[in-house]
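The structure appears right after this line, and notes come after that.
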Protein chains: 2
Amino acid sequence: MSPSLGTTSVVCTLTKTSSPAEAAVTSVDTALRHLLETITPLPAEPVPIGAAAGRVLAEPVMAATPLPGFDNSAMDGYALQASAIGGATPEAPAVLPVRGEARTGHPAPQFEPGTAVRIMTGAALPQEADTVVRQEDVRRDGGTIAVSAPVALGTNVRRRGEDIAAGEIVLEPGRWLTAIDVGVAAALGRERLLVHRRPRVAILATGDELVPAGSACGPSQIADANSPMLAAAVIEAGGEPVMLGIAGDDPETIREHIQAPTGYDLIISSAGVSVGDHDHVRAVLDDLGSVGVWRIAMRPGKPLLIGRLGGVPYLGLPGNPVSSSVTFELFGRPAIRALQGAAALQRRRLHVHLAEAMAKPVGLRAYVRGVLADGPGGMAIGRSAGSQGSGMLHSLARADCLLVLDEQTAEAGPGTVVEAIPLR
Amino acid sequence: MSPSLGTTSVVCTLTKTSSPAEAAVTSVDTALRHLLETITPLPAEPVPIGAAAGRVLAEPVMAATPLPGFDNSAMDGYALQASAIGGATPEAPAVLPVRGEARTGHPAPQFEPGTAVRIMTGAALPQEADTVVRQEDVRRDGGTIAVSAPVALGTNVRRRGEDIAAGEIVLEPGRWLTAIDVGVAAALGRERLLVHRRPRVAILATGDELVPAGSACGPSQIADANSPMLAAAVIEAGGEPVMLGIAGDDPETIREHIQAPTGYDLIISSAGVSVGDHDHVRAVLDDLGSVGVWRIAMRPGKPLLIGRLGGVPYLGLPGNPVSSSVTFELFGRPAIRALQGAAALQRRRLHVHLAEAMAKPVGLRAYVRGVLADGPGGMAIGRSAGSQGSGMLHSLARADCLLVLDEQTAEAGPGTVVEAIPLR
């Protein structure tokens, strides 16, 4: 578990760009831009507020009426006019008769100047009363209270509209709604909210070597990790996964799997996008649809396919689970959020200090599986989660972030500030 | 939206501890400890891996067999013995006949020393072959390849077990499972995982002033924001909310609402926990169950009730939505995670620089609704999201974090490093 001292080589092999296919390399940012250009937000639909958390808002949420809706008390105490206790002192307290009670949720009683009304937190302030003295600050004696100090006019009164004015926009479209947002919408009297439809995301695994997780593996076979991983990641991003199963490494089977079904908003496949003799996804997509970009200057996850199939955006991820999960995070998740009309497509990134030196080839952006810890001075420190080979799942399981080393970096020393993408 | 310059007073009124009831104040940490002492993790249940994300693991996930399960190629290329190309130079390349193909997912062909086998990424390495030369690094000419440089033994070979050894524990119990964890479990051949049962959390709102969100408010009435907010927050924390509705401010109604139902793992109510004449939750719980702690040294959210009812932990939150959401975050969420047996009960907190001075009374911990922004040098900066009165929802809607000012702090200047709890 403990990271090695010295420099972590995050990329073992430096790829020579010897073949023409490899020469055409696109940056992560450019590729993401291409992908997002293929995407239009899905239509809006109304949902009850109880189902709105985790959805993306498709309308501005405005205050129809002011909040609070009426002047009310911020404390349990006595409503009165500040002028009635203006001269109060401990020696000569102001003594006021108590006339009635303002209870939360009930109409305020009649108020007479020179008297006090018992009032509860949240209760409507009686008309003409202008101030509330807290119950701890009076001496109650039968039908009167004694107040021994003046209080500024308006003390402990929440004024109508002081929080939110009528007509004010409180939640903007594009917002990924949290539980708090749901509470805010409810406070504004909303029973339903307009949100973007959830994207239906088709998920296809390809590879002769794959068997469904839980099935017995023959020799040379491995369990399909990508389908369940991507399904869970699609849900986390707000989408609805539709499983297309596992297609073998032949064009016909792949064609059958991706051609038959309709009604998707995005298709994500894994494997078959490289330049190997049996990597047929690209050929099939070239034939049936279009392929935009397909090699990204990043590690892990270099081979990537961005295209369209029957008008639907298509994202072809690399086959190994490490590359697949990293490229999903960088491309799949933003695409699914964009389909939902989200204003922010990326997770909030942290800045952290590297705890150890890291090296990588210039010209690629590296996403290092990392582990965060508290650092001196408050900023977190990030270290390698272990062996960074793209076949190494254990370091992915250990990682709680991806440490981002940009294209220009060849070696980053301990203490270098880098971006970290939190994973948990 | 723009925060005021100068010192933000996060707490307007400094409470005097004049009444005996207010003198008994408990710290946030002590109160949380009391709450967590009432909680035992729920039993485990098996779920398909497709439903495991967002659940808390109740077993160690171990590799039954090594990963990879067999020696395989990390690249598309040619499998051979490194010794066969030991003397290769550009002038005198090693020329090897190509005999057969190792395809991913298929048994490896027979291998003869002195020959090469065409091999695909992920394909099983033929027995006796020990090295893979990438296809970009050979010249293929009909039935032979020419290699012009030696390659270290084992290059581009992923050894059986090099990622994860058989018997190694890869995912520990108590882990909140992510999509990546699901992928890792699938790669280990798991079809189901043992996770803790989701807690059933009863949610009750109390208050004569409340109407369900979306219903028309009469004068002195407000929409119940807490029930939908808490329901969404319970789901986000991994629980299943059960709505008990709204109880009026009288002991009989409250009693009916919390007494009737059974089968809960936690009961959360809002409002009625203060010392007002019509705050009956505490009295009812005193009568039916037990109350442990009930005033917390924090702002917002001071009145809080921790108890038990019929053996079920009971958490009584303050009534206003700001205090209710903050106390849910600090107490409700950890309780729900503890019920699920989670190892980490708290969100990962950030450290940020204050962008502006903030003042608060000594002796209370303040949770300031804040907005984060990128700061110089990488560490985020946090500023006030607006007016911090406990009745002020707008600043809660704007906030993306809670800035934590500890008990000892009276005033914190710009640049002070404080903890921030991310909210979105």
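How things are named: the first chain in the structure tokens is A, the next is B, and so on; residues count from 1 in each chain; ligands count from 1 in the order shown.
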
### Task
Can you check which residues of stretch 27-151 of chain B DSSP gives as helix (DSSP H, G or I) on the backbone and send them as a PyMOL selection string?
chain B and resi 28-37+49-51+82-85+135-137

Can I get the selection written as a PDB file, in the first residue's frame, with N, CA, C and O atoms?
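Writing the result to again-v7.pdb gives the following:
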```
ATOM      1  N   VAL B  28     -20.554  20.268  19.563  1.00  0.00           N
ATOM      2  CA  VAL B  28     -20.950  19.506  18.383  1.00  0.00           C
ATOM      3  C   VAL B  28     -20.362  18.095  18.444  1.00  0.00           C
ATOM      4  O   VAL B  28     -21.062  17.100  18.212  1.00  0.00           O
ATOM      5  N   ASP B  29     -19.082  18.004  18.784  1.00  0.00           N
ATOM      6  CA  ASP B  29     -18.416  16.706  18.774  1.00  0.00           C
ATOM      7  C   ASP B  29     -18.984  15.767  19.830  1.00  0.00           C
ATOM      8  O   ASP B  29     -19.197  14.585  19.581  1.00  0.00           O
ATOM      9  N   THR B  30     -19.223  16.317  21.024  1.00  0.00           N
ATOM     10  CA  THR B  30     -19.785  15.485  22.085  1.00  0.00           C
ATOM     11  C   THR B  30     -21.184  15.024  21.717  1.00  0.00           C
ATOM     12  O   THR B  30     -21.547  13.857  21.902  1.00  0.00           O
ATOM     13  N   ALA B  31     -21.973  15.932  21.175  1.00  0.00           N
ATOM     14  CA  ALA B  31     -23.341  15.570  20.791  1.00  0.00           C
ATOM     15  C   ALA B  31     -23.333  14.474  19.727  1.00  0.00           C
ATOM     16  O   ALA B  31     -24.097  13.511  19.806  1.00  0.00           O
ATOM     17  N   LEU B  32     -22.435  14.613  18.748  1.00  0.00           N
ATOM     18  CA  LEU B  32     -22.371  13.596  17.692  1.00  0.00           C
ATOM     19  C   LEU B  32     -21.968  12.248  18.286  1.00  0.00           C
ATOM     20  O   LEU B  32     -22.512  11.201  17.916  1.00  0.00           O
ATOM     21  N   ARG B  33     -21.042  12.293  19.231  1.00  0.00           N
ATOM     22  CA  ARG B  33     -20.619  11.046  19.890  1.00  0.00           C
ATOM     23  C   ARG B  33     -21.809  10.394  20.588  1.00  0.00           C
ATOM     24  O   ARG B  33     -22.039   9.192  20.466  1.00  0.00           O
ATOM     25  N   HIS B  34     -22.583  11.206  21.307  1.00  0.00           N
ATOM     26  CA  HIS B  34     -23.782  10.673  21.973  1.00  0.00           C
ATOM     27  C   HIS B  34     -24.724  10.028  20.966  1.00  0.00           C
ATOM     28  O   HIS B  34     -25.247   8.938  21.182  1.00  0.00           O
ATOM     29  N   LEU B  35     -24.930  10.738  19.865  1.00  0.00           N
ATOM     30  CA  LEU B  35     -25.855  10.217  18.845  1.00  0.00           C
ATOM     31  C   LEU B  35     -25.344   8.889  18.292  1.00  0.00           C
ATOM     32  O   LEU B  35     -26.093   7.907  18.190  1.00  0.00           O
ATOM     33  N   LEU B  36     -24.055   8.853  17.975  1.00  0.00           N
ATOM     34  CA  LEU B  36     -23.507   7.645  17.341  1.00  0.00           C
ATOM     35  C   LEU B  36     -23.490   6.461  18.307  1.00  0.00           C
ATOM     36  O   LEU B  36     -23.554   5.307  17.880  1.00  0.00           O
ATOM     37  N   GLU B  37     -23.434   6.767  19.620  1.00  0.00           N
ATOM     38  CA  GLU B  37     -23.498   5.679  20.606  1.00  0.00           C
ATOM     39  C   GLU B  37     -24.844   4.962  20.591  1.00  0.00           C
ATOM     40  O   GLU B  37     -24.958   3.829  21.036  1.00  0.00           O
ATOM     41  N   ILE B  49     -24.288  -6.829  -8.209  1.00  0.00           N
ATOM     42  CA  ILE B  49     -23.333  -5.715  -8.307  1.00  0.00           C
ATOM     43  C   ILE B  49     -23.942  -4.504  -9.003  1.00  0.00           C
ATOM     44  O   ILE B  49     -23.586  -3.378  -8.705  1.00  0.00           O
ATOM     45  N   GLY B  50     -24.899  -4.736  -9.888  1.00  0.00           N
ATOM     46  CA  GLY B  50     -25.546  -3.623 -10.580  1.00  0.00           C
ATOM     47  C   GLY B  50     -26.305  -2.696  -9.647  1.00  0.00           C
ATOM     48  O   GLY B  50     -26.617  -1.562 -10.004  1.00  0.00           O
ATOM     49  N   ALA B  51     -26.604  -3.152  -8.445  1.00  0.00           N
ATOM     50  CA  ALA B  51     -27.337  -2.331  -7.483  1.00  0.00           C
ATOM     51  C   ALA B  51     -26.471  -1.962  -6.286  1.00  0.00           C
ATOM     52  O   ALA B  51     -26.969  -1.452  -5.287  1.00  0.00           O
ATOM     53  N   ALA B  82      12.878 -13.386 -25.649  1.00  0.00           N
ATOM     54  CA  ALA B  82      13.799 -12.238 -25.730  1.00  0.00           C
ATOM     55  C   ALA B  82      15.174 -12.686 -26.223  1.00  0.00           C
ATOM     56  O   ALA B  82      15.859 -11.945 -26.955  1.00  0.00           O
ATOM     57  N   SER B  83      15.555 -13.909 -25.871  1.00  0.00           N
ATOM     58  CA  SER B  83      16.883 -14.397 -26.264  1.00  0.00           C
ATOM     59  C   SER B  83      17.018 -14.514 -27.788  1.00  0.00           C
ATOM     60  O   SER B  83      18.123 -14.417 -28.317  1.00  0.00           O
ATOM     61  N   ALA B  84      15.888 -14.696 -28.482  1.00  0.00           N
ATOM     62  CA  ALA B  84      15.944 -14.874 -29.940  1.00  0.00           C
ATOM     63  C   ALA B  84      16.289 -13.578 -30.665  1.00  0.00           C
ATOM     64  O   ALA B  84      16.647 -13.608 -31.849  1.00  0.00           O
ATOM     65  N   ILE B  85      16.141 -12.432 -29.976  1.00  0.00           N
ATOM     66  CA  ILE B  85      16.439 -11.158 -30.638  1.00  0.00           C
ATOM     67  C   ILE B  85      17.538 -10.406 -29.893  1.00  0.00           C
ATOM     68  O   ILE B  85      17.720  -9.197 -30.056  1.00  0.00           O
ATOM     69  N   GLN B 135       3.848  -4.125 -32.337  1.00  0.00           N
ATOM     70  CA  GLN B 135       3.784  -4.217 -33.797  1.00  0.00           C
ATOM     71  C   GLN B 135       4.477  -3.038 -34.472  1.00  0.00           C
ATOM     72  O   GLN B 135       5.033  -3.164 -35.559  1.00  0.00           O
ATOM     73  N   GLU B 136       4.472  -1.860 -33.783  1.00  0.00           N
ATOM     74  CA  GLU B 136       5.125  -0.691 -34.375  1.00  0.00           C
ATOM     75  C   GLU B 136       6.637  -0.883 -34.444  1.00  0.00           C
ATOM     76  O   GLU B 136       7.325  -0.131 -35.139  1.00  0.00           O
ATOM     77  N   ASP B 137       7.162  -1.837 -33.668  1.00  0.00           N
ATOM     78  CA  ASP B 137       8.611  -1.983 -33.548  1.00  0.00           C
ATOM     79  C   ASP B 137       9.169  -3.142 -34.380  1.00  0.00           C
ATOM     80  O   ASP B 137      10.333  -3.531 -34.195  1.00  0.00           O
TER      81      ASP B 137
END
```

### Task
Starting from chain B, keep only residues with some atom at most 6 Å from an atom of chain A, counting only C-alpha atoms, and report them as a ChimeraX atom specification.
/B:50,104-107,124,163,179-180,182-183,186-187,189-191,208-209,213-214,220-221,223,225,228-229,232-233,351,378,392

### Task
Name the residues of stretch 284-397 of chain B that fall into strand (DSSP E) according to DSSP on the backbone, using the chain letters and numbers of this document, as a ChimeraX atom specification.
/B:290-295,298-299,303-309,312-317,350-354,358-359,365-373,381-384

Write the residues you've just listed into a file as an mmCIF file, in the first residue's frame, and include C-alpha atoms for each of them.
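Output below, filename again-v9.cif:
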```cif
data_model
loop_
_atom_site.group_PDB
_atom_site.id
_atom_site.type_symbol
_atom_site.label_atom_id
_atom_site.label_comp_id
_atom_site.auth_asym_id
_atom_site.auth_seq_id
_atom_site.Cartn_x
_atom_site.Cartn_y
_atom_site.Cartn_z
ATOM 1 C CA SER B 290 -35.671 9.206 26.450
ATOM 2 C CA VAL B 291 -33.845 12.430 25.644
ATOM 3 C CA GLY B 292 -30.077 12.553 25.912
ATOM 4 C CA VAL B 293 -28.747 15.869 24.748
ATOM 5 C CA TRP B 294 -30.596 18.846 23.535
ATOM 6 C CA ARG B 295 -28.649 22.080 23.219
ATOM 7 C CA MET B 298 -23.289 25.858 17.371
ATOM 8 C CA ARG B 299 -24.800 28.372 14.986
ATOM 9 C CA PRO B 303 -31.644 23.503 19.691
ATOM 10 C CA LEU B 304 -31.216 19.813 18.920
ATOM 11 C CA LEU B 305 -32.669 16.738 20.476
ATOM 12 C CA ILE B 306 -30.957 13.369 20.623
ATOM 13 C CA GLY B 307 -32.877 10.511 22.146
ATOM 14 C CA ARG B 308 -34.499 7.152 21.702
ATOM 15 C CA LEU B 309 -38.051 6.097 21.083
ATOM 16 C CA VAL B 312 -35.023 3.605 17.742
ATOM 17 C CA PRO B 313 -32.579 6.531 17.648
ATOM 18 C CA TYR B 314 -34.381 9.858 17.525
ATOM 19 C CA LEU B 315 -32.967 13.098 16.156
ATOM 20 C CA GLY B 316 -34.958 16.273 16.644
ATOM 21 C CA LEU B 317 -33.736 19.092 14.405
ATOM 22 C CA LEU B 350 -11.484 20.981 2.363
ATOM 23 C CA HIS B 351 -9.192 23.585 3.770
ATOM 24 C CA VAL B 352 -9.701 27.039 2.329
ATOM 25 C CA HIS B 353 -8.533 30.584 2.907
ATOM 26 C CA LEU B 354 -11.126 33.050 4.136
ATOM 27 C CA MET B 358 -15.601 36.908 9.896
ATOM 28 C CA ALA B 359 -16.685 37.392 13.495
ATOM 29 C CA ARG B 365 -18.879 26.621 16.476
ATOM 30 C CA ALA B 366 -20.215 28.577 13.505
ATOM 31 C CA TYR B 367 -21.093 27.054 10.137
ATOM 32 C CA VAL B 368 -21.085 29.950 7.700
ATOM 33 C CA ARG B 369 -22.889 29.486 4.397
ATOM 34 C CA GLY B 370 -20.044 30.121 1.990
ATOM 35 C CA VAL B 371 -19.085 30.278 -1.659
ATOM 36 C CA LEU B 372 -15.793 28.811 -2.871
ATOM 37 C CA ALA B 373 -13.630 30.209 -5.634
ATOM 38 C CA ILE B 381 -10.897 30.839 -1.038
ATOM 39 C CA GLY B 382 -14.220 30.998 0.765
ATOM 40 C CA ARG B 383 -16.456 33.984 1.291
ATOM 41 C CA SER B 384 -19.840 34.487 2.861
#
```

### Message
Could you tell me how far atom CA of B:Tyr78 sits from atom CA of B:Thr131, in Å to one decimal place?
### Response
8.2 Å

### Message
Need to verify the contact set: B:Gly154, 10 Å, only C-alpha atoms, exclusion of same-chain residues closer than 5 positions in sequence. Can you return it as a PyMOL selection string?
### Response
chain B and resi 73+80-82+129-133+159

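Atom CA of A:Thr40 lies 12.8 Å from atom CA of A:Ala343.
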
### Query
If you count only C-alpha atoms, which residues fall within 10 Å of B:Gly100, apart from same-chain ones fewer than 3 positions away, as a list in words?
Pro97, Arg103, Ala108, Pro109, Gln110, Phe111, Thr115, Ala116, Val117, Arg118, Ile119 and Gly143 of chain B

### Message
Report, in Å to a single decimal, how far apart atom CA of A:Gly272 and atom CA of A:Glu252 are.
### Response
13.2 Å

Can you tell me which residues surround A:Ala344 at a distance of at most 8 Å, considering only C-alpha atoms, apart from same-chain residues fewer than 3 positions away, and format the answer as an mmCIF file with N, CA, C and O atoms, in the first residue's frame?
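Just written: around-v2.cif:
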```cif
data_model
loop_
_atom_site.group_PDB
_atom_site.id
_atom_site.type_symbol
_atom_site.label_atom_id
_atom_site.label_comp_id
_atom_site.auth_asym_id
_atom_site.auth_seq_id
_atom_site.Cartn_x
_atom_site.Cartn_y
_atom_site.Cartn_z
ATOM 1 N N GLY A 174 -30.050 24.894 -15.192
ATOM 2 C CA GLY A 174 -28.729 24.278 -15.348
ATOM 3 C C GLY A 174 -28.149 23.787 -14.042
ATOM 4 O O GLY A 174 -27.090 23.171 -14.018
ATOM 5 N N ARG A 175 -28.862 24.075 -12.946
ATOM 6 C CA ARG A 175 -28.359 23.695 -11.638
ATOM 7 C C ARG A 175 -28.665 22.228 -11.356
ATOM 8 O O ARG A 175 -29.781 21.774 -11.550
ATOM 9 N N ARG A 337 -23.919 14.877 -18.392
ATOM 10 C CA ARG A 337 -24.375 16.118 -17.748
ATOM 11 C C ARG A 337 -24.817 17.139 -18.789
ATOM 12 O O ARG A 337 -25.775 17.874 -18.581
ATOM 13 N N ARG A 347 -16.673 17.826 -12.320
ATOM 14 C CA ARG A 347 -16.605 17.863 -10.871
ATOM 15 C C ARG A 347 -15.723 19.024 -10.440
ATOM 16 O O ARG A 347 -14.790 19.392 -11.152
#
```

### Query
From the set B:Gly415, B:Gly332, B:Gly311, B:Pro173, which residue has the shortest atom-to-atom contact distance to B:Thr262, counting only C-alpha atoms?
B:Gly311

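Excluding A:Val284 itself and any same-chain residue fewer than 2 positions from it, the protein and nucleic acid residues within 9 Å of it, counting only C-alpha atoms, are Pro251, Glu252, Ile254, Arg255, His280, Val281, Arg282, Asp286, Asp287, Leu288 and Gly289 of chain A.
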
### Message
Taking 6 positions as the minimum chain separation for residues in the same chain, which residues sit within 7 Å of stretch 44-46 of chain A when counting only C-alpha atoms? Answer as number ranges by chain.
### Response
A: 58, 192-197
